[in-house]
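Data file: my_file.txt. Format and content: compact mmCIF, C-alpha atoms and all ligand atoms.
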```
# COMPACT_ATOMS: atom_id res chain seq x y z
CA MET Y 972 -12.46 26.88 3.13
CA THR Y 973 -16.17 26.50 2.40
CA ALA Y 974 -17.73 23.41 3.99
CA ALA Y 975 -18.66 20.77 1.43
CA SER Y 976 -22.29 20.82 2.63
CA GLU Y 977 -22.53 24.51 1.66
CA ILE Y 978 -21.32 24.01 -1.90
CA GLU Y 979 -23.97 23.88 -4.60
CA THR Y 980 -21.56 22.77 -7.26
CA LEU Y 981 -17.81 22.86 -7.70
CA HIS Y 982 -15.61 22.81 -10.76
CA ILE Y 983 -11.86 22.50 -10.66
CA ASN Y 984 -9.65 21.91 -13.68
CA ALA Y 985 -6.87 19.61 -12.52
CA ASP Y 986 -4.74 20.93 -15.40
CA ASP Y 987 -4.51 24.20 -13.46
CA ILE Y 988 -2.93 22.47 -10.46
CA ASP Y 989 0.80 21.79 -10.38
CA TRP Y 990 2.26 18.37 -9.64
CA PHE Y 991 4.01 18.10 -6.30
CA ASP Y 992 6.67 15.59 -5.47
CA LEU Y 993 5.02 13.26 -2.97
CA SER Y 994 8.16 12.98 -0.88
CA GLU Y 995 7.67 16.64 0.04
CA MET Y 996 4.11 16.04 1.31
CA GLY Y 997 4.72 14.04 4.46
CA ASP Y 998 1.06 13.65 5.39
CA LEU Y 999 0.05 12.00 2.12
CA SER Y 1000 3.02 9.89 1.20
CA PRO Y 1001 2.55 6.14 1.19
CA ILE Y 1002 4.89 6.24 -1.79
CA MET Y 1003 8.48 6.06 -0.65
CA ASN Y 1004 10.46 3.90 -3.03
CA GLY Y 1005 10.42 5.62 -6.38
CA ARG Y 1006 9.22 8.77 -8.05
CA ALA Y 1007 5.64 9.86 -7.47
CA GLU Y 1008 3.82 13.14 -7.75
CA VAL Y 1009 0.39 14.23 -6.68
CA LYS Y 1010 -2.13 16.90 -7.49
CA ARG Y 1011 -4.28 17.45 -4.43
CA ILE Y 1012 -7.40 18.54 -6.32
CA TRP Y 1013 -9.87 19.06 -3.49
CA GLU Y 1014 -10.53 17.94 0.05
CA ILE Y 1015 -13.34 17.69 2.58
CA PRO Y 1016 -11.51 18.23 5.89
CA GLU Y 1017 -14.52 17.35 8.06
CA GLN Y 1018 -14.51 13.88 6.42
CA ASN Y 1019 -10.71 13.59 6.30
CA ARG Y 1020 -11.22 12.99 2.58
CA VAL Y 1021 -8.87 13.99 -0.23
CA PHE Y 1022 -9.41 13.82 -4.00
CA SER Y 1023 -6.08 13.48 -5.76
CA LEU Y 1024 -4.47 12.68 -9.06
CA PHE Y 1025 -1.30 10.61 -8.77
CA ARG Y 1026 1.52 10.23 -11.28
CA MET Y 1027 3.79 7.33 -10.41
CA TRP Y 1028 6.86 6.40 -12.40
CA PRO Y 1029 8.12 3.04 -13.62
CA GLY Y 1030 9.97 1.09 -10.96
CA LEU Y 1031 8.00 2.57 -8.08
CA VAL Y 1032 7.01 0.28 -5.21
CA SER Y 1033 5.14 1.88 -2.33
CA ASN Y 1034 5.54 0.99 1.30
CA ARG Y 1035 2.99 -1.53 2.42
CA HIS Y 1036 0.31 0.61 4.02
CA LEU Y 1037 -3.04 0.49 5.78
CA HIS Y 1038 -5.99 2.70 4.87
CA LEU Y 1039 -8.17 3.54 7.85
CA GLY Y 1040 -10.92 4.76 5.52
CA ALA Y 1041 -12.33 3.64 2.20
CA VAL Y 1042 -10.57 4.36 -1.09
CA THR Y 1043 -11.83 4.47 -4.64
CA GLY Y 1044 -9.61 4.93 -7.66
CA LEU Y 1045 -9.69 5.12 -11.42
CA THR Y 1046 -6.64 4.53 -13.60
CA VAL Y 1047 -6.20 7.02 -16.44
CA SER Y 1048 -3.03 5.58 -17.96
CA GLY Y 1049 -0.28 3.09 -17.23
CA THR Y 1050 -0.39 -0.28 -15.51
CA TRP Y 1051 -0.02 -1.17 -11.83
CA HIS Y 1052 -1.00 -3.70 -9.23
CA TYR Y 1053 -0.91 -4.49 -5.55
CA LEU Y 1054 1.54 -7.21 -4.57
CA GLU Y 1055 -1.17 -8.76 -2.37
CA TYR Y 1056 -3.79 -9.31 -5.11
CA ASP Y 1057 -3.89 -11.11 -8.43
CA TRP Y 1058 -5.47 -8.38 -10.60
CA THR Y 1059 -3.70 -5.79 -12.72
CA ALA Y 1060 -5.06 -2.26 -13.12
CA GLY Y 1061 -4.80 -0.50 -16.48
CA PRO Y 1062 -6.51 2.44 -18.20
CA GLY Y 1063 -10.17 2.49 -17.14
CA SER Y 1064 -9.68 0.21 -14.12
CA PHE Y 1065 -11.85 1.18 -11.17
CA ILE Y 1066 -10.85 0.00 -7.72
CA TYR Y 1067 -12.56 0.07 -4.33
CA GLU Y 1068 -10.83 -0.67 -1.07
CA PRO Y 1069 -12.82 -0.84 2.15
CA ALA Y 1070 -11.48 0.73 5.31
CA GLY Y 1071 -8.84 -1.57 6.76
CA SER Y 1072 -7.24 -2.49 3.43
CA ILE Y 1073 -3.51 -3.20 3.44
CA HIS Y 1074 -1.51 -3.27 0.23
CA THR Y 1075 1.74 -2.50 -1.58
CA LEU Y 1076 1.46 -0.68 -4.90
CA GLU Y 1077 3.86 -1.47 -7.73
CA VAL Y 1078 4.03 0.32 -11.08
CA LEU Y 1079 4.31 -2.17 -13.96
CA GLY Y 1080 5.71 -1.58 -17.43
CA ASP Y 1081 7.66 1.42 -18.66
CA GLU Y 1082 4.96 4.09 -18.75
CA PRO Y 1083 4.03 6.40 -15.84
CA VAL Y 1084 0.77 5.56 -14.10
CA ILE Y 1085 -1.76 8.37 -13.84
CA ALA Y 1086 -4.59 7.49 -11.48
CA TYR Y 1087 -7.28 9.38 -9.62
CA PHE Y 1088 -7.86 8.41 -5.99
CA ASP Y 1089 -10.54 9.44 -3.52
CA LEU Y 1090 -9.01 8.73 -0.13
CA THR Y 1091 -10.82 8.94 3.18
CA GLY Y 1092 -9.11 8.56 6.54
CA ASN Y 1093 -5.52 8.34 7.66
CA VAL Y 1094 -2.89 6.08 6.13
CA VAL Y 1095 -0.35 4.13 8.18
CA ASN Y 1096 2.84 2.95 6.47
CA PHE Y 1097 4.84 -0.14 7.35
CA GLY Y 1098 8.56 -0.53 6.88
CA ALA Y 1099 10.02 -3.57 5.12
CA ASP Y 1100 10.44 -5.30 8.49
CA GLY Y 1101 6.84 -4.59 9.49
CA THR Y 1102 7.53 -1.66 11.79
CA ILE Y 1103 4.93 1.09 11.84
CA LEU Y 1104 6.48 4.17 10.30
CA ASP Y 1105 3.99 6.93 10.76
CA ALA Y 1106 0.79 6.40 12.79
CA LYS Y 1107 -0.76 9.83 13.42
CA THR Y 1108 -2.59 8.83 16.61
CA ASP Y 1109 -2.41 6.09 19.25
CA GLU Y 1110 -5.72 4.80 17.89
CA ASP Y 1111 -4.23 4.56 14.39
CA ARG Y 1112 -1.22 2.71 15.80
CA ARG Y 1113 -3.40 0.18 17.59
CA ALA Y 1114 -5.51 -0.30 14.43
CA ALA Y 1115 -2.32 -0.79 12.39
CA GLU Y 1116 -0.91 -3.35 14.85
CA GLU Y 1117 -4.17 -5.31 14.73
CA ALA Y 1118 -4.50 -5.08 10.93
CA ASP Y 1119 -0.88 -6.15 10.50
CA ARG Y 1120 -1.40 -9.13 12.79
CA ILE Y 1121 -4.42 -10.27 10.72
CA TRP Y 1122 -2.52 -9.59 7.48
CA ARG Y 1123 0.36 -11.80 8.63
CA GLU Y 1124 -2.02 -14.58 9.68
CA GLU Y 1125 -3.67 -14.48 6.25
CA LEU Y 1126 -0.31 -14.51 4.55
CA ALA Y 1127 0.74 -17.57 6.55
CA ARG Y 1128 -2.44 -19.40 5.47
CA ARG Y 1129 -1.80 -18.87 1.73
FE FE J 1201 -3.18 2.59 -0.81
```
Structure re-expressed in structure tokens:
Amino acid sequence: MTAASEIETLHINADDIDWFDLSEMGDLSPIMNGRAEVKRIWEIPEQNRVFSLFRMWPGLVSNRHLHLGAVTGLTVSGTWHYLEYDWTAGPGSFIYEPAGSIHTLEVLGDEPVIAYFDLTGNVVNFGADGTILDAKTDEDRRAAEEADRIWREELARR
């Protein structure tokens, strides 16, 4: 693959890329409880950064998960939210999550959500009981334990 720094310009039509069931892509699957598909449009491996289009179906609730890098997203269609925050994302909603964000995504309404996400860094998923499901490195595990501890303290204060 050509390094991103060597590319003058790049054009990819996402319509030419097939949807993949997220449950079959173990390394990019915060979504566990419901039907979700992804188009992995492009990536910059040296930045651990992936540009993806997600299609998530009504009823889906993700695992609570930690992003070790920043995330931006833009909703194309459908309605969703994170259980931890009081805003609702709909068509046109832009979101930014700094590195260290923890959240649980839920699809609202009866229409699939289509959303574009630019994800940097690894993701660590938590089980319903708070166990760490899939840290890729010891460093990620330690970061997840610390982030979860802070998350629980914040939750207790609310
Ligand atoms: Fe996320």
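Checking Y:Leu1090, Y:Ile1073, Y:Ile983, Y:Ala1115 one by one against Y:Thr1102, counting only C-alpha atoms, you find the shortest gap at Y:Ala1115.
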Requested in this report: Give as number ranges by chain each residue that has an atom at most 12 Å from (-9.8, 5.1, -8.7) in the file, counting all atoms listed in the file.
Outcome: Y: 1022-1025, 1041-1048, 1060-1068, 1084-1090
Take the point (-3.0, -7.2, 12.8) in the file's coordinates, draw a sphere of radius 12 Å around it, and report as a PDB file with C-alpha atoms, in the frame of the given file every protein, DNA or RNA residue with an atom inside or on it, counting only C-alpha atoms.
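File produced: out38.pdb:
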```pdb
ATOM      1  CA  LEU Y1037      -3.040   0.490   5.780  1.00  0.00           C
ATOM      2  CA  GLY Y1071      -8.840  -1.570   6.760  1.00  0.00           C
ATOM      3  CA  SER Y1072      -7.240  -2.490   3.430  1.00  0.00           C
ATOM      4  CA  ILE Y1073      -3.510  -3.200   3.440  1.00  0.00           C
ATOM      5  CA  PHE Y1097       4.840  -0.140   7.350  1.00  0.00           C
ATOM      6  CA  GLY Y1101       6.840  -4.590   9.490  1.00  0.00           C
ATOM      7  CA  THR Y1102       7.530  -1.660  11.790  1.00  0.00           C
ATOM      8  CA  ILE Y1103       4.930   1.090  11.840  1.00  0.00           C
ATOM      9  CA  ASP Y1111      -4.230   4.560  14.390  1.00  0.00           C
ATOM     10  CA  ARG Y1112      -1.220   2.710  15.800  1.00  0.00           C
ATOM     11  CA  ARG Y1113      -3.400   0.180  17.590  1.00  0.00           C
ATOM     12  CA  ALA Y1114      -5.510  -0.300  14.430  1.00  0.00           C
ATOM     13  CA  ALA Y1115      -2.320  -0.790  12.390  1.00  0.00           C
ATOM     14  CA  GLU Y1116      -0.910  -3.350  14.850  1.00  0.00           C
ATOM     15  CA  GLU Y1117      -4.170  -5.310  14.730  1.00  0.00           C
ATOM     16  CA  ALA Y1118      -4.500  -5.080  10.930  1.00  0.00           C
ATOM     17  CA  ASP Y1119      -0.880  -6.150  10.500  1.00  0.00           C
ATOM     18  CA  ARG Y1120      -1.400  -9.130  12.790  1.00  0.00           C
ATOM     19  CA  ILE Y1121      -4.420 -10.270  10.720  1.00  0.00           C
ATOM     20  CA  TRP Y1122      -2.520  -9.590   7.480  1.00  0.00           C
ATOM     21  CA  ARG Y1123       0.360 -11.800   8.630  1.00  0.00           C
ATOM     22  CA  GLU Y1124      -2.020 -14.580   9.680  1.00  0.00           C
ATOM     23  CA  GLU Y1125      -3.670 -14.480   6.250  1.00  0.00           C
ATOM     24  CA  LEU Y1126      -0.310 -14.510   4.550  1.00  0.00           C
TER      25      LEU Y1126
END
```
Query - Selected residue, from Y:Leu981, Y:Ile1012, Y:Val1095, Y:Val1078, that lies nearest to ligand FE 1201 (chain J) when counting only C-alpha atoms and all ligand atoms - result: Y:Val1095
Query raised in the report: Closest to Y:Gly1040 among Y:Arg1020, Y:Arg1129, Y:Arg1026, Y:His1052, using only C-alpha atoms?
Result: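 Using only C-alpha atoms, the shortest distance to Y:Gly1040 belongs to Y:Arg1020.
For Y:Asp1081, the set of protein, DNA and RNA residues having any atom at most 9 Å away, when counting only C-alpha atoms and skipping those fewer than 3 positions along the same chain, is Trp1028, Pro1029, Gly1030, Gly1049, Thr1050 and Val1078 of chain Y.
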